[in-house]
Amino acid sequence: MRTWGPLTAVSLGTFMLLLDVTIVVVALPDMARALNASLSDLQWVIDGYALALAALLLGVGAAADVLGRRRLNVAGTALFALASLGCGLASNADVLVAARALQGLGAAAMFATTLPLLGAAYQGRDRSVALGVWGAVSGAAAAMGPIVGGLLTEGPGWRWIFFVNLPVSVASIWLTLRVVPESKGQAGRRVDWAGTATFALFAGALTYGVVRAGSEGWTSAATTVTLAVSVLALVGFVAVERRVAHPLLDLRLLRTPAFTGVLLGAIGYNAAAFGLMPYLSIWLQTVLGMSPVTGSLVMLPLAAMSFVVAAVGGRMLHGVPARLTIGVGLLLIGVGGIALAVLDAGSSWGALIPGLTVAGIGTGLVAPGLAGAALAAVPAANSGMAGGAVNTFRQLGYALGVAVFGTVLTSRMQDSLGHDAAHTLAGGGAEALRGTLSEHTVRAAFASGLNAAAVVAGAVGLVAGVLVLVMVRSARKAPEDEVPAAETRIPAGQPQP
C-alpha cells in the first residue's frame, strides 16, 4: 500500500456506523429505566436506525454518484454526529427514536459511499488490500458492538454509547477532507427519488404494522390500516421502478432465481441470526440480574465462532459453490435458533451457549459469500445495484426480525400474564412486576416467550436456507440484453448488525 490515508478515513466511519447497529442492544434495560420507555419504544430505538439505513441506502448511493461521493460522505458523517448528540441528550423515548432515525440517514450516506470512495482511491493490488482491511474492520465492528456498549453502559452510562461518536466523527471528517479524493458516477444519471420514497414508506409501514400488532393485535384497525399502507407503497414502488430511467432496483434482475434467492437469504439471515439479540439481552439483565458487560459476554460465542469460521472457511472452502455455504449456513442458524428454545423458570445463561455457538458457525459461513453470490447472478454492469440491494435487504431483515420476534414474545407472555404485565416484562420491567408476581412466574413467562420467538427465528433461518439451496442452484446470470446496462460501481459493503 502506497498510502493508508483514504483507507483509514473510510474505515473509521464504517467502524462507527456499524458499531451503532448493535451497540444499543445491551443498553436497552438502562434506557427503559431512564426514559420510562415501553417495549415498542425499545424496538424503535433499534429499528429506527436499521430502517433508515435500509430504506435510504440505495437512494442515497445514487444521489452520491450525482452530487459527489466524498461530499455526501462528509455530510452524512456530520449528520450522524449531530444525531448522536441528540441521542445522548434525549429526555424521552420519542426524542431518542427520532434521533436514531436521523443517525440512520447519516449512516446511509456514509455507508453507500464507502466502497466507491475506496474504489476511486486505489487500483490493482492496493485495492484488494484495502477491501480486505475494510472487510476485517466491518466484522470487528459487528463483534465489538455489544461489548463496547456493555462497557460504556456499566461505566459512564448508556448516553456515552452515543457521545463517543462525536470525537470519532470529527476525526473522520477531517481525515476524509484531507486525504480522500472526490469522485462521481456516470454523467447524466438521475436520482430515483420516487422509488426511494415509496420503498421507505413500504419498509417503515410494514415494520410499524408488525410492532403495532404486538401491542394492539393483528386484527386491530391501526394494524390493518398500517399494513395496507405498506402493501400500497410496495405496489407504488414496483410501478415506479418499471417506468423510471435509472431505477434503484431494476426489477428484471428478479427474473433470475439465483439473485432473488440471495435477496431472500439476506433478509432471512439478518432476521434469524440477530433479531432475537435484544430480547436475550433484556432476559439476561432484567430477569437473571446480570450486568451489561457480563450480559454482552454471554452472546460472544456467536461473534467468536463467526470470525473463526469465516477466517478458516475462506481458505478451506475455496471453490465450494456459494449456494452450499450460504444455504447450509442458514440451516445452521435455524438449528441454532431452535436450540435456544430450551428455557424454563430455572434456566441460567449457560442454556444459550449451544444455540449461539451453532448460529455463530452458520453466520461465519453465510456472511462472506452473500454479496459475491449476488454479483455472480447478475451482469457485471449491475454489480453496484446488486450489492446495494443485498445490504438493503439485510438491514430490512434485521428491523423486521426485531419487530416480529418482539410481537411473538409478548403474545406468548400475554397468555399467562395478561397484556399490560407482558409488555412491562418484555420491555425490561421485571423488577416492577416482582412485587405482584412471584419470581417463578416472572421467569417462566419470559422463558416461554423467548422459546416461542426462538422457534420462529429458527424457522426463518431454515426456510431461508432451503430457498437458497433451491433457487441459487444454477446461479445463471441474466442475459445482457434482458437487463439494461447500468454504471459499474463498487458495490455497497456487508454490514453485520
# chains A, B, ... in the order shown; residues from 1 in each chain; ligands from 1
$ residues_around --residues "Thr224 in chain A" --least-positions-apart "5" --cutoff "9 Å" --atoms "only C-alpha atoms" --output "list in words"
Gly209, Ala213, Trp218, Thr219 and Val229 of chain A
$ write_last_selection --atoms "N, CA and C atoms" --output "PDB file, in the first residue's frame"
ATOM      1  N   GLY A 209     -46.376  -1.684  11.355  1.00  0.00           N
ATOM      2  CA  GLY A 209     -47.557  -2.531  11.498  1.00  0.00           C
ATOM      3  C   GLY A 209     -47.294  -3.752  12.350  1.00  0.00           C
ATOM      4  N   ALA A 213     -48.947  -4.631  15.935  1.00  0.00           N
ATOM      5  CA  ALA A 213     -49.629  -5.905  16.164  1.00  0.00           C
ATOM      6  C   ALA A 213     -49.265  -6.479  17.516  1.00  0.00           C
ATOM      7  N   TRP A 218     -53.243  -8.304  15.778  1.00  0.00           N
ATOM      8  CA  TRP A 218     -53.166  -8.307  14.313  1.00  0.00           C
ATOM      9  C   TRP A 218     -54.449  -7.817  13.654  1.00  0.00           C
ATOM     10  N   THR A 219     -55.575  -7.920  14.347  1.00  0.00           N
ATOM     11  CA  THR A 219     -56.854  -7.550  13.730  1.00  0.00           C
ATOM     12  C   THR A 219     -57.297  -6.139  14.088  1.00  0.00           C
ATOM     13  N   VAL A 229     -51.214   0.157   4.083  1.00  0.00           N
ATOM     14  CA  VAL A 229     -50.372   1.224   3.534  1.00  0.00           C
ATOM     15  C   VAL A 229     -49.062   0.648   2.995  1.00  0.00           C
TER      16      VAL A 229
END
$ atom_distance --atom1 "CA of Arg70 in chain A" --atom2 "CA of Ala99 in chain A"
23.5 Å
$ closest_atom_pairs --of "range 267-384 of chain A" --to "range 50-53 of chain A" --cutoff "12 Å" --atoms "only C-alpha atoms" --output "Markdown table"
| residue | atom | partner | partner_atom | distance |
| --- | --- | --- | --- | --- |
| A:Asn270 | CA | A:Ala50 | CA | 11.1 |
| A:Ala271 | CA | A:Ala50 | CA | 11.7 |
| A:Gly275 | CA | A:Ala50 | CA | 11.3 |
$ write_last_selection --atoms "N, CA, C and O atoms" --output "short mmCIF file (atom, residue, chain, number, x, y, z; two decimals), in the first residue's frame"
data_model
loop_
_atom_site.label_atom_id
_atom_site.label_comp_id
_atom_site.auth_asym_id
_atom_site.auth_seq_id
_atom_site.Cartn_x
_atom_site.Cartn_y
_atom_site.Cartn_z
N ASN A 270 -30.21 -11.91 8.41
CA ASN A 270 -30.13 -10.91 9.47
C ASN A 270 -31.26 -11.05 10.48
O ASN A 270 -31.08 -10.78 11.66
N ALA A 271 -32.44 -11.46 10.00
CA ALA A 271 -33.55 -11.65 10.93
C ALA A 271 -33.27 -12.80 11.89
O ALA A 271 -33.37 -12.66 13.11
N GLY A 275 -32.01 -10.87 15.06
CA GLY A 275 -33.24 -10.23 15.52
C GLY A 275 -33.66 -10.57 16.93
O GLY A 275 -34.42 -9.83 17.56
#
$ residues_around --residues "Val404 in chain A" --least-positions-apart "4" --cutoff "10 Å" --atoms "only C-alpha atoms" --output "PyMOL selection string"
chain A and resi 207+209-211+213-214+271+275-276+398-400+408-409+453+456-457
$ write_last_selection --atoms "all heavy atoms" --output "short mmCIF file (atom, residue, chain, number, x, y, z; two decimals), in the first residue's frame"
data_model
loop_
_atom_site.label_atom_id
_atom_site.label_comp_id
_atom_site.auth_asym_id
_atom_site.auth_seq_id
_atom_site.Cartn_x
_atom_site.Cartn_y
_atom_site.Cartn_z
N THR A 207 -42.86 -2.47 9.08
CA THR A 207 -42.28 -2.68 10.40
C THR A 207 -43.18 -2.08 11.48
O THR A 207 -43.40 -2.70 12.53
CB THR A 207 -40.88 -2.04 10.47
OG1 THR A 207 -40.08 -2.56 9.41
CG2 THR A 207 -40.22 -2.35 11.80
N GLY A 209 -46.38 -1.68 11.36
CA GLY A 209 -47.56 -2.53 11.50
C GLY A 209 -47.29 -3.75 12.35
O GLY A 209 -48.12 -4.15 13.17
N VAL A 210 -46.12 -4.36 12.18
CA VAL A 210 -45.78 -5.55 12.98
C VAL A 210 -45.61 -5.16 14.45
O VAL A 210 -46.05 -5.89 15.35
CB VAL A 210 -44.50 -6.22 12.44
CG1 VAL A 210 -44.09 -7.38 13.34
CG2 VAL A 210 -44.73 -6.72 11.02
N VAL A 211 -44.97 -4.02 14.71
CA VAL A 211 -44.81 -3.56 16.09
C VAL A 211 -46.17 -3.27 16.71
O VAL A 211 -46.42 -3.64 17.87
CB VAL A 211 -43.91 -2.31 16.14
CG1 VAL A 211 -43.89 -1.71 17.54
CG2 VAL A 211 -42.49 -2.65 15.71
N ALA A 213 -48.95 -4.63 15.94
CA ALA A 213 -49.63 -5.90 16.16
C ALA A 213 -49.27 -6.48 17.52
O ALA A 213 -50.09 -7.13 18.17
CB ALA A 213 -49.27 -6.89 15.05
N GLY A 214 -48.03 -6.26 17.96
CA GLY A 214 -47.63 -6.76 19.26
C GLY A 214 -48.35 -6.10 20.41
O GLY A 214 -48.57 -6.72 21.46
N ALA A 271 -32.44 -11.46 10.00
CA ALA A 271 -33.55 -11.65 10.93
C ALA A 271 -33.27 -12.80 11.89
O ALA A 271 -33.37 -12.66 13.11
CB ALA A 271 -34.84 -11.90 10.15
N GLY A 275 -32.01 -10.87 15.06
CA GLY A 275 -33.24 -10.23 15.52
C GLY A 275 -33.66 -10.57 16.93
O GLY A 275 -34.42 -9.83 17.56
N LEU A 276 -33.17 -11.67 17.47
CA LEU A 276 -33.53 -12.10 18.82
C LEU A 276 -32.61 -11.51 19.89
O LEU A 276 -32.93 -11.54 21.08
CB LEU A 276 -33.50 -13.63 18.90
CG LEU A 276 -34.24 -14.31 20.05
CD1 LEU A 276 -35.73 -14.03 19.97
CD2 LEU A 276 -33.98 -15.82 20.02
N TYR A 398 -33.11 -7.36 9.56
CA TYR A 398 -32.84 -7.12 10.98
C TYR A 398 -33.99 -6.35 11.64
O TYR A 398 -34.47 -6.71 12.72
CB TYR A 398 -31.53 -6.33 11.12
CG TYR A 398 -31.11 -6.05 12.53
CD1 TYR A 398 -31.08 -7.04 13.50
CD2 TYR A 398 -30.73 -4.77 12.90
CE1 TYR A 398 -30.67 -6.78 14.80
CE2 TYR A 398 -30.32 -4.49 14.20
CZ TYR A 398 -30.29 -5.49 15.14
OH TYR A 398 -29.89 -5.21 16.42
N ALA A 399 -34.44 -5.28 10.97
CA ALA A 399 -35.53 -4.48 11.52
C ALA A 399 -36.80 -5.31 11.67
O ALA A 399 -37.48 -5.25 12.71
CB ALA A 399 -35.78 -3.26 10.62
N LEU A 400 -37.13 -6.08 10.66
CA LEU A 400 -38.34 -6.90 10.73
C LEU A 400 -38.19 -8.01 11.76
O LEU A 400 -39.16 -8.37 12.45
CB LEU A 400 -38.65 -7.50 9.35
CG LEU A 400 -39.18 -6.52 8.30
CD1 LEU A 400 -39.31 -7.21 6.95
CD2 LEU A 400 -40.52 -5.94 8.74
N VAL A 408 -44.05 -11.82 18.83
CA VAL A 408 -44.22 -13.22 19.25
C VAL A 408 -43.95 -13.36 20.74
O VAL A 408 -44.69 -14.05 21.47
CB VAL A 408 -43.27 -14.14 18.45
CG1 VAL A 408 -43.30 -15.56 19.00
CG2 VAL A 408 -43.65 -14.13 16.97
N LEU A 409 -42.90 -12.71 21.23
CA LEU A 409 -42.55 -12.77 22.65
C LEU A 409 -43.68 -12.29 23.53
O LEU A 409 -44.09 -12.98 24.49
CB LEU A 409 -41.30 -11.90 22.88
CG LEU A 409 -40.81 -11.73 24.32
CD1 LEU A 409 -40.13 -12.98 24.80
CD2 LEU A 409 -39.85 -10.54 24.41
N ALA A 453 -40.30 -17.12 20.44
CA ALA A 453 -39.61 -16.25 19.49
C ALA A 453 -38.41 -16.97 18.86
O ALA A 453 -38.14 -16.81 17.66
CB ALA A 453 -39.14 -14.97 20.20
N VAL A 456 -39.57 -19.29 16.09
CA VAL A 456 -39.88 -18.54 14.87
C VAL A 456 -38.59 -18.11 14.17
O VAL A 456 -38.47 -18.22 12.94
CB VAL A 456 -40.75 -17.32 15.19
CG1 VAL A 456 -40.97 -16.47 13.94
CG2 VAL A 456 -42.09 -17.77 15.76
N ALA A 457 -37.61 -17.64 14.94
CA ALA A 457 -36.33 -17.25 14.36
C ALA A 457 -35.66 -18.45 13.68
O ALA A 457 -35.12 -18.33 12.57
CB ALA A 457 -35.41 -16.68 15.44
#
$ residues_around --residues "Arg323 in chain A" --least-positions-apart "3" --cutoff "6 Å" --atoms "only C-alpha atoms" --output "MDAnalysis selection string"
chainID A and resid 326:327 469 472
$ write_last_selection --atoms "all heavy atoms" --output "mmCIF file, in the first residue's frame"
data_model
loop_
_atom_site.group_PDB
_atom_site.id
_atom_site.type_symbol
_atom_site.label_atom_id
_atom_site.label_comp_id
_atom_site.auth_asym_id
_atom_site.auth_seq_id
_atom_site.Cartn_x
_atom_site.Cartn_y
_atom_site.Cartn_z
ATOM 1 N N ILE A 326 -23.812 -20.692 1.789
ATOM 2 C CA ILE A 326 -24.885 -19.823 2.294
ATOM 3 C C ILE A 326 -26.077 -20.648 2.760
ATOM 4 O O ILE A 326 -26.627 -20.428 3.849
ATOM 5 C CB ILE A 326 -25.318 -18.819 1.210
ATOM 6 C CG1 ILE A 326 -24.154 -17.895 0.856
ATOM 7 C CG2 ILE A 326 -26.510 -18.000 1.688
ATOM 8 C CD1 ILE A 326 -24.433 -16.978 -0.329
ATOM 9 N N GLY A 327 -26.493 -21.612 1.944
ATOM 10 C CA GLY A 327 -27.652 -22.427 2.306
ATOM 11 C C GLY A 327 -27.432 -23.228 3.571
ATOM 12 O O GLY A 327 -28.269 -23.229 4.477
ATOM 13 N N LEU A 469 -30.761 -22.947 -1.232
ATOM 14 C CA LEU A 469 -30.298 -24.207 -1.829
ATOM 15 C C LEU A 469 -31.056 -24.535 -3.109
ATOM 16 O O LEU A 469 -30.488 -25.097 -4.050
ATOM 17 C CB LEU A 469 -30.444 -25.345 -0.825
ATOM 18 C CG LEU A 469 -29.473 -25.324 0.360
ATOM 19 C CD1 LEU A 469 -29.847 -26.406 1.370
ATOM 20 C CD2 LEU A 469 -28.040 -25.512 -0.116
ATOM 21 N N VAL A 472 -30.647 -20.855 -5.799
ATOM 22 C CA VAL A 472 -29.317 -20.413 -6.236
ATOM 23 C C VAL A 472 -28.575 -21.546 -6.929
ATOM 24 O O VAL A 472 -27.404 -21.449 -7.229
ATOM 25 C CB VAL A 472 -28.515 -19.855 -5.037
ATOM 26 C CG1 VAL A 472 -27.215 -19.189 -5.478
ATOM 27 C CG2 VAL A 472 -29.342 -18.816 -4.284
#
$ closest_residue --among "A:Pro278, A:Gly145, A:Pro257, A:Gly364" --to "Leu39 in chain A" --atoms "only C-alpha atoms"
A:Pro278
$ residues_around --residues "range 2-6 of chain A" --least-positions-apart "5" --cutoff "12 Å" --atoms "only C-alpha atoms" --output "PyMOL selection string"
chain A and resi 11-13+70+114-127+129-131+133-134+172-182
$ write_last_selection --atoms "C-alpha atoms" --output "tab-separated table (two decimals), in the first residue's frame"
chain	number	residue	atom	x	y	z
A	11	SER	CA	-12.68	2.52	7.72
A	12	LEU	CA	-13.07	4.89	10.67
A	13	GLY	CA	-16.51	5.97	9.53
A	70	ARG	CA	-16.87	12.48	-0.70
A	114	THR	CA	-17.67	3.81	1.47
A	115	LEU	CA	-16.60	1.31	-1.18
A	116	PRO	CA	-16.99	3.65	-4.16
A	117	LEU	CA	-14.54	6.01	-2.44
A	118	LEU	CA	-12.09	3.16	-1.90
A	119	GLY	CA	-12.53	2.07	-5.49
A	120	ALA	CA	-11.64	5.55	-6.69
A	121	ALA	CA	-8.65	5.90	-4.35
A	122	TYR	CA	-6.97	2.52	-5.01
A	123	GLN	CA	-6.27	0.35	-8.02
A	124	GLY	CA	-4.90	-3.13	-8.63
A	125	ARG	CA	-3.29	-4.91	-5.69
A	126	ASP	CA	-3.72	-1.87	-3.43
A	127	ARG	CA	-7.48	-2.05	-3.99
A	129	VAL	CA	-5.59	-4.96	0.20
A	130	ALA	CA	-7.86	-2.01	1.01
A	131	LEU	CA	-11.04	-4.04	0.55
A	133	VAL	CA	-8.77	-4.47	5.54
A	134	TRP	CA	-12.14	-2.77	5.21
A	172	SER	CA	-13.30	11.03	10.25
A	173	ILE	CA	-14.47	14.27	8.60
A	174	TRP	CA	-11.06	15.94	8.96
A	175	LEU	CA	-9.22	12.95	7.54
A	176	THR	CA	-11.70	12.45	4.69
A	177	LEU	CA	-11.43	16.06	3.55
A	178	ARG	CA	-7.66	15.88	3.79
A	179	VAL	CA	-6.80	12.61	2.03
A	180	VAL	CA	-9.83	11.19	0.17
A	181	PRO	CA	-10.28	12.33	-3.45
A	182	GLU	CA	-13.71	13.37	-4.71
$ residues_around --residues "Ser296 in chain A" --least-positions-apart "5" --cutoff "7 Å" --atoms "only C-alpha atoms" --output "PyMOL selection string"
chain A and resi 26+146-147+150
$ residues_around --residues "Tyr208 in chain A" --least-positions-apart "5" --cutoff "9 Å" --atoms "only C-alpha atoms" --output "tab-separated table (two decimals) with N, CA and C atoms, in the first residue's frame"
chain	number	residue	atom	x	y	z
A	44	TRP	N	-38.15	0.45	18.56
A	44	TRP	CA	-37.88	1.52	17.60
A	44	TRP	C	-36.52	2.16	17.81
A	203	ALA	N	-41.16	-0.05	3.74
A	203	ALA	CA	-40.39	-0.66	4.83
A	203	ALA	C	-40.84	-0.14	6.18
A	213	ALA	N	-48.95	-4.63	15.94
A	213	ALA	CA	-49.63	-5.90	16.16
A	213	ALA	C	-49.27	-6.48	17.52
A	223	THR	N	-53.41	-1.65	13.12
A	223	THR	CA	-52.51	-2.61	12.48
A	223	THR	C	-52.93	-2.86	11.04
A	226	THR	N	-52.16	0.18	8.75
A	226	THR	CA	-50.72	0.36	8.53
A	226	THR	C	-50.18	-0.68	7.56
A	227	LEU	N	-50.59	-1.93	7.73
A	227	LEU	CA	-50.13	-2.97	6.81
A	227	LEU	C	-50.68	-2.75	5.40
A	403	ALA	N	-38.92	-6.63	15.14
A	403	ALA	CA	-40.35	-6.36	15.29
A	403	ALA	C	-41.15	-7.65	15.44
$ select_by_dssp --residues "range 138-278 of chain A" --states "helix (DSSP H, G or I)" --output "ChimeraX atom specification"
/A:138-154,160-163,165-179,193-216,221-243,251-255,257-274,277-278
$ atom_distance --atom1 "CA of Leu356 in chain A" --atom2 "CA of Leu340 in chain A"
7.5 Å
$ closest_residue --among "A:Gly265, A:Gly388, A:Pro301, A:Gly369" --to "Val60 in chain A" --atoms "only C-alpha atoms"
A:Gly388
$ atom_distance --atom1 "CA of Gly401 in chain A" --atom2 "CA of Leu330 in chain A"
14.8 Å
$ closest_residue --among "A:Ala194, A:Ala205, A:Leu85, A:Ala75" --to "Val240 in chain A" --atoms "only C-alpha atoms"
A:Ala194
$ closest_residue --among "A:Thr407, A:Ser183, A:Ser215, A:Thr198" --to "Val231 in chain A" --atoms "only C-alpha atoms"
A:Thr198
$ closest_residue --among "A:Phe111, A:Phe405, A:Phe80, A:Phe237" --to "Leu18 in chain A" --atoms "only C-alpha atoms"
A:Phe111
$ closest_residue --among "A:Ser281, A:Thr357, A:Thr153, A:Thr113" --to "Gly88 in chain A" --atoms "only C-alpha atoms"
A:Thr153
